[in-house]
Amino acid sequence: MFNLSSLVQKAQSLIDPTQALNISASDRNPAKSTLFRHQFRLPDSQTPLQEITAEITISPPVAYAPNATQGEKDKDRDRGYHYAGKLHLSEAYLCFSTQPTSFLQTASTSTSSGFTGQTHGAGPGGNGFTLPLCAIRRVERLHSQHYQFALAITTWNGVNSTPSTEASKTPALQQKITIQLAGTRQACERFCDGLKKGLKSGVGDVGKLKKVVAECYSEYLLSQGDSKKEARKDITPPDAGLGMIFRYPGDPRKLRDRSKMRLWGEYLRDYGRNVTLIRQPTFHKLIRVGLPNRLRGEIWEQTSGSLFLRLESPTLFSETLAKFEGRDSLAIDEIEKDLNRSLPEYPGFQSQEGIGRLRRVLTAYSWINEEVGYCQAMNIVVAALLIYMSESQAFFLLAILCDRLLPGYYSTTMYGTLLDQKVFESLVEKTMPILWDHLVKSDVQLSVVSLPWFLSLYINSMPLVFAFRVLDVFFLEGPKVLFQVGLAILRINGEELLDAADDGAFISVLKGYFSKLDESAHPKSENAKLRAVTRFQELMVVAFKEFAGITQQIISEQRMKHKDSVLNGIESFAKRTSIRNLGPDSKKLSVDDLGSLYDRFYQLLYERQQRSQIILDETDRRDKARRTKAAEVVTGLAESQVVEKGRVGLGPSPTLMDYDGFREFLAGMARWAITDSPSPPEKDAASEKAQHSYFGNSVKRRETSLSPWGYGNPEPADHEFMQRLFRRWDVDMNSALTLQNVVTGLAHIKGKGDIMGSITYFFELYDDDGDGKVDREGILRISEALLFLSRRGLEGSLTPSASMTGLSEYEAGNPNPNQPEEMQGNTNERFLSSVSAFIRRCFEYADPDHPQNQVAENTTSHDLIDPDSFGIGDDSDEEEEEDLLDLVETSPTRGKKPTGITSVPAALGKGESRNRSVSKAHAEAANAALDPSKPLHITLPTFRMVVLADELLEQFFESSFPASFRISDRIATPVPSSASSLTTFTNIGFGRSIAPQISVGGTSSAGLVPPGKGLRGVLDNIVTDGMRVAAEVRRRMDEAQKELEKNAVHRPDDEEEDEEGYDPTHTSGGYNGDAERRSVRSEDRDLLEGADAEAMSIRGQEGISEVKQPSASRPSLLERRSSGDSSKVIEFER
Amino acid sequence: MAEATAPKPSSSVKLVLLGEAAVGKSSLVLRFVNNDFQENKEPTIGAAFLTQKCNLPTRTIKFEIWDTAGQERFASLAPMYYRNAQSALVVYDLTKPTSLIKAKHWVAELQRQASPGIVIALVGNKLDLTNESSGSGNALGEDGENDGAEGENDDGDARKVSTAEAKSYAEEEGLLFFETSAKNGTNVTEVFTAIANAIPETSLKGARGPGATQSSANRSEDQSRVNLTGPRDNASKEGCAC
């Protein structure tokens, strides 16, 4: 009927930022700020504030000449490199890229496809820089004829190394960037103002900067270079990974590490290091040929942006470790299992040193991102990182990996992994159709082969040295690299793969290929140069040349396309598993029911989370304070990510339902759980305004969703009964229900439709201290609950005929055409009377708490329980009914009382005179019982007996109570109705139009009655106030006794009526007005009672209603025929 | 050894290993395929693929073994691997009761979702950590009288799952049942041989040979029947499906 996939349209993209362009959850356009952050690898605290077209000039650093003339400065500008592009300003960063990019909100979405540039927000492509404002030492405004508006920026480049002991020797080199702004004077001024503001607030971070930079190997490297003569042995090099202790993988000579190092040294000296690095064409080339070992970690950190995370909270790693020291978690157990088996072939991980580092990084990360915790494969990736970088560096890089580069890969459902496999397959199909056909034909599942490539970044697929080369490019250019390399592997091995007929052969071809990556790609070539090209080099060329067309955008599109099917697959798996593991109680419910319950449960939790998120966003928006918690910075929940949080397929989703959720859950299943007095919908100006001010152009559907129950959903009631039910189901006593709790709870109610079970269940709900007794208050509460549960009509119709058809019929949802609606209405009224009779009987048969009362009570009750007493009970029932009707209607109807009394069925006439007298005795006893000065209680057997004494109550417990939980069919289809402020059945779509499908067995008539009208309204109001009804019932009962006594004498016998007595015109009428209702009521009532009486008479004829007198000592048996043919044996124990 | 015999009908059987993390799935495979044991095996990422032949008197079974990752979150990948599997090895760690619960979940999943007629073997691994490890070299699946073994669980025995408990569950569900040690090789080849024998002739791809009746005959075939001599080269590196 409904499933989670339907929510997808509502939900936003987690995976693809571009998709989130359409719907935004905050006042900023999240897609653009996300793209901006991704483009420049900025922490999530950053948003694009300003941007301006600019041209930068990067001059090779010169000896700082403070007194240079203006002319010299101009000359500086003429030298060096010039780049035109866009300059961006965020809260704490100044970024430049030559790629045409724009992230301002003002840019319309239509241009968004064009503005993302080649990297599509995936990485710092193009030339440019990402400069923390705290790394800017000075900004000068240049006044010159050549330039309208130009800034000269001096950075803190080499901040730690400049004040060398012999400062006089070589003047420190200063990095200088000249920026020429192109724009209107106003725009330039505005940009400068923003920059000024940012610089001011960045001043305080210089200390952090120094600390972070000190851990960069480049600083050490350049400090050595600065003063070549006396290599400064005094400075210990910063930690550049385990490789410094255990050697880096591969032969340094073969890797030409030394010459790479030299080239990098030059580059870093000329164009800035770590935070002040400027990307130029050489930078990208140097990365493609492979990073030198000691700089690898730092450049990874720089290109991936984890450096900026570290800059933001340099001590987070050690703080996290300290904070959680000694604590235990599932993730830690899992980590411990794998510590000894992470890259075991690398000597560093055979030592305690390496294992200790690995442990600390994985553990710390599992604490700051508990949703991910630990996933196998992370150990391998982190182990690889630790060869080249310090623990703290690896920690932040892991955060970037999990949040940004490999979204959802390591989540608890691994949907990201599965999704990217699908994407990869579709790319193979597109780019290599022949190979794809072959795979399909020979039933080789590609993802089985390629999944480890992606999940562990080729680290355990290729020899380490080559995997690291892939990583070099991956951190710079983003996730597309994984796809490009994967495609290239298949392309290069295409022919051999076409010969492989099964998974095994397929795998061994690839395995063989990986083991020969270092061999010549063209061993037989004449050309020596060509012969020198290794297979790995060939792979890189194919990956980045031939598959250059695989852009981040294509991947994003593909991800979007396959996302639903992947998530649905995961969710159906999760559902299957979860349902199967629900335990023995779940067997009492059908598989379909369990499935529906599962859907309901998780859909509800999901929707509630969505709503609270939206509400949260709204409050967030209102108090604009944007402090960023440290944890958030690292876990990096982008706004777009938050939107779909809670979906089962995406990973950890809520599994606990609180009481409010429970109310809503019940309201989705049972009509009685919907409130009668909905709070006025929050159609305030705030949401209206919100829509205009910050919701994007396509978010209309959210407009009124600020109601805690969601737009268009009925507001759940809050009744004591529901609280009791909640407490009863909450077996773990943690004020929240799991799916298991819910299933177990429902299994006990719906179970096998066993009447004794549900009576016991009900009784236990009200037996607060579990002593098997329910006191006076409890009895009244039970009766309130009965009225509460029945106030919208009862499931199925409480007539003998209906009870014969049994539970199955209305569960199947077949409307019973023979069931006139009027009859239903009357049944409800009769139920009311049954409840009132119930109270009376409870008091009659109650056991006093004090021994002195006991004597008197016992004699009375023993008297009462004889075979005929049931007749009497039913008899007085009828009178009670009249009484209660009176109660709930208005006083003028009182005049009808005599007519009501004429309706006593003939079948009950037998032995009437005797009944009269006995019931008089009853009345007295009952009145005595009502005396609050005499505490009393009923026990379960009494309760059972009282329930079974009444046809309607019996049916209620046998069928309609269990059936009122409609698990499999939807109770109401929320139809967004425009103006109505009342959540009534009619305007939530429970009215006529939908009734045939959704309502069953003649229950619709009750639904058609608008609350507040006539009986229902009055009753509903009463029910909402429990104590009032209790008092009312009590008062009425007293009156009823009097009436009973008064009228007892002239009760005429009534004729039984035939089926033809039904007036078909009434069947569709519903309660259109009090007058009409009253006019038909007595007739219908007679009719019903006739039917009822018929059943009674059957019972009477068969003479089964015999009750053995229950005594305090021995168990007695009450055997009784129900209206159908099924007989029941009921054991009473006292 | 057995390689020398006349060409017998050969058919391949897809076998998938499932079970909680670190119960020894990969180690069982490594023992079976390479007759080797590694103390610190890298966790399996996704799945590993290995093959090994198993020679029965009348036919040769080539196992295509899919060794899956055990961590809970990898579970949603499992359907990808057990697709079309004709047999499954559901492994638990007999020193860890929770792993048996997980194994039961896998059995249920397989019974409902995998190909019908899949042959499932329940395997309690790490028998070497218990006291009776040295004595019981024979398949517990054969002689039901071995139940008394866990009566002597007193002195430093790490066993937490009794043979009787697991065995009765296996019987209930109609599973083959073994307790093994990948470390010292106890019962490992027996498991695979038993599976090979239990695979119905009809479900074999390209099975041509006669003799559908030998299913019970070879339960106690010893290791010589199993080709351990020719480990596939692609099995040399574990944890890699490439």
# chains A, B, ... in the order shown; residues from 1 in each chain; ligands from 1
$ interface_residues --of "chain A" --to "chain B" --cutoff "6 Å" --atoms "only C-alpha atoms" --output "VMD selection string"
chain A and resid 340 to 342 412 to 413 449 452 507 to 508 510 to 511
$ write_last_selection --atoms "C-alpha atoms" --output "PDB file, in the first residue's frame"
ATOM      1  CA  ASN A 340      46.462  -7.352  13.601  1.00  0.00           C
ATOM      2  CA  ARG A 341      45.242  -7.943  10.136  1.00  0.00           C
ATOM      3  CA  SER A 342      45.655  -4.606   8.467  1.00  0.00           C
ATOM      4  CA  THR A 412      26.181   0.685   8.334  1.00  0.00           C
ATOM      5  CA  THR A 413      24.311  -0.274   5.207  1.00  0.00           C
ATOM      6  CA  VAL A 449      35.166  -8.031  -8.774  1.00  0.00           C
ATOM      7  CA  PRO A 452      37.024  -4.141  -3.226  1.00  0.00           C
ATOM      8  CA  ILE A 507      39.131 -12.741 -11.454  1.00  0.00           C
ATOM      9  CA  SER A 508      42.326 -14.492 -12.346  1.00  0.00           C
ATOM     10  CA  LEU A 510      42.663  -9.263 -13.343  1.00  0.00           C
ATOM     11  CA  LYS A 511      44.768 -10.696 -10.606  1.00  0.00           C
TER      12      LYS A 511
END
$ atom_distance --atom1 "atom CA of Leu940 of chain A" --atom2 "atom CA of Ala670 of chain A"
26.0 Å
$ closest_residue --among "A:Glu371, A:Asp502, A:Glu215, A:Asp437" --to "Lys14 of chain B" --atoms "only C-alpha atoms"
A:Asp502
$ residues_around --residues "Leu94 of chain B" --least-positions-apart "6" --cutoff "7 Å" --atoms "only C-alpha atoms" --output "PyMOL selection string"
chain B and resi 124-126+159-161
$ residues_around --residues "Gly416 of chain A" --least-positions-apart "2" --cutoff "10 Å" --atoms "only C-alpha atoms" --output "number ranges by chain"
A: 15, 406-411, 413-414, 418-422, 455, 559, 563, 566-567, 649-651
$ write_last_selection --atoms "C-alpha atoms" --output "short mmCIF file (atom, residue, chain, number, x, y, z; two decimals), in the first residue's frame"
data_model
loop_
_atom_site.label_atom_id
_atom_site.label_comp_id
_atom_site.auth_asym_id
_atom_site.auth_seq_id
_atom_site.Cartn_x
_atom_site.Cartn_y
_atom_site.Cartn_z
CA ILE A 15 24.72 11.67 -2.43
CA LEU A 406 33.44 8.16 -0.33
CA PRO A 407 29.96 9.14 0.77
CA GLY A 408 28.08 6.26 2.34
CA TYR A 409 30.81 3.74 1.58
CA TYR A 410 31.41 2.77 5.17
CA SER A 411 27.98 3.47 6.54
CA THR A 413 24.31 -0.27 5.21
CA MET A 414 27.16 0.52 2.83
CA LEU A 418 26.57 -0.57 -3.55
CA LEU A 419 25.48 2.55 -5.33
CA ASP A 420 28.89 3.22 -6.82
CA GLN A 421 29.04 -0.37 -7.98
CA LYS A 422 25.84 0.19 -9.87
CA LEU A 455 35.97 0.08 -0.94
CA ARG A 559 24.29 8.03 -8.73
CA LYS A 563 19.99 5.60 -5.92
CA VAL A 566 19.91 0.52 -4.47
CA LEU A 567 18.24 1.93 -1.40
CA GLY A 649 18.89 2.33 3.56
CA LEU A 650 21.22 5.17 4.34
CA GLY A 651 22.63 3.72 7.46
#
$ closest_residue --among "A:Gln280, A:Thr154, A:Ser306, A:Ser586" --to "Arg404 of chain A" --atoms "only C-alpha atoms"
A:Ser306
$ atom_distance --atom1 "atom CA of Val29 of chain B" --atom2 "atom CA of Ala88 of chain B"
12.3 Å
$ atom_distance --atom1 "atom CA of Leu362 of chain A" --atom2 "atom CA of Val423 of chain A"
28.5 Å
$ closest_residue --among "A:Glu140, A:Glu370, A:Asp251, A:Glu336" --to "Val465 of chain A" --atoms "only C-alpha atoms"
A:Asp251
$ residues_around --residues "Ser181 of chain B" --least-positions-apart "3" --cutoff "8 Å" --atoms "only C-alpha atoms" --output "PyMOL selection string"
chain B and resi 28+125-128+133+184-188
$ residues_around --residues "His284 of chain A" --least-positions-apart "3" --cutoff "9 Å" --atoms "only C-alpha atoms" --output "PyMOL selection string"
chain A and resi 125-126+279-281+287-289+473+476
$ closest_residue --among "B:Ile195, B:Leu15, B:Ala85, B:Val23" --to "Asp67 of chain B" --atoms "only C-alpha atoms"
B:Leu15
$ residues_around --residues "segment 80-85 of chain A" --least-positions-apart "3" --cutoff "6 Å" --atoms "only C-alpha atoms" --output "JSON, numbers by chain"
{"A": [53, 54, 55, 56, 57, 58, 59, 97, 98]}
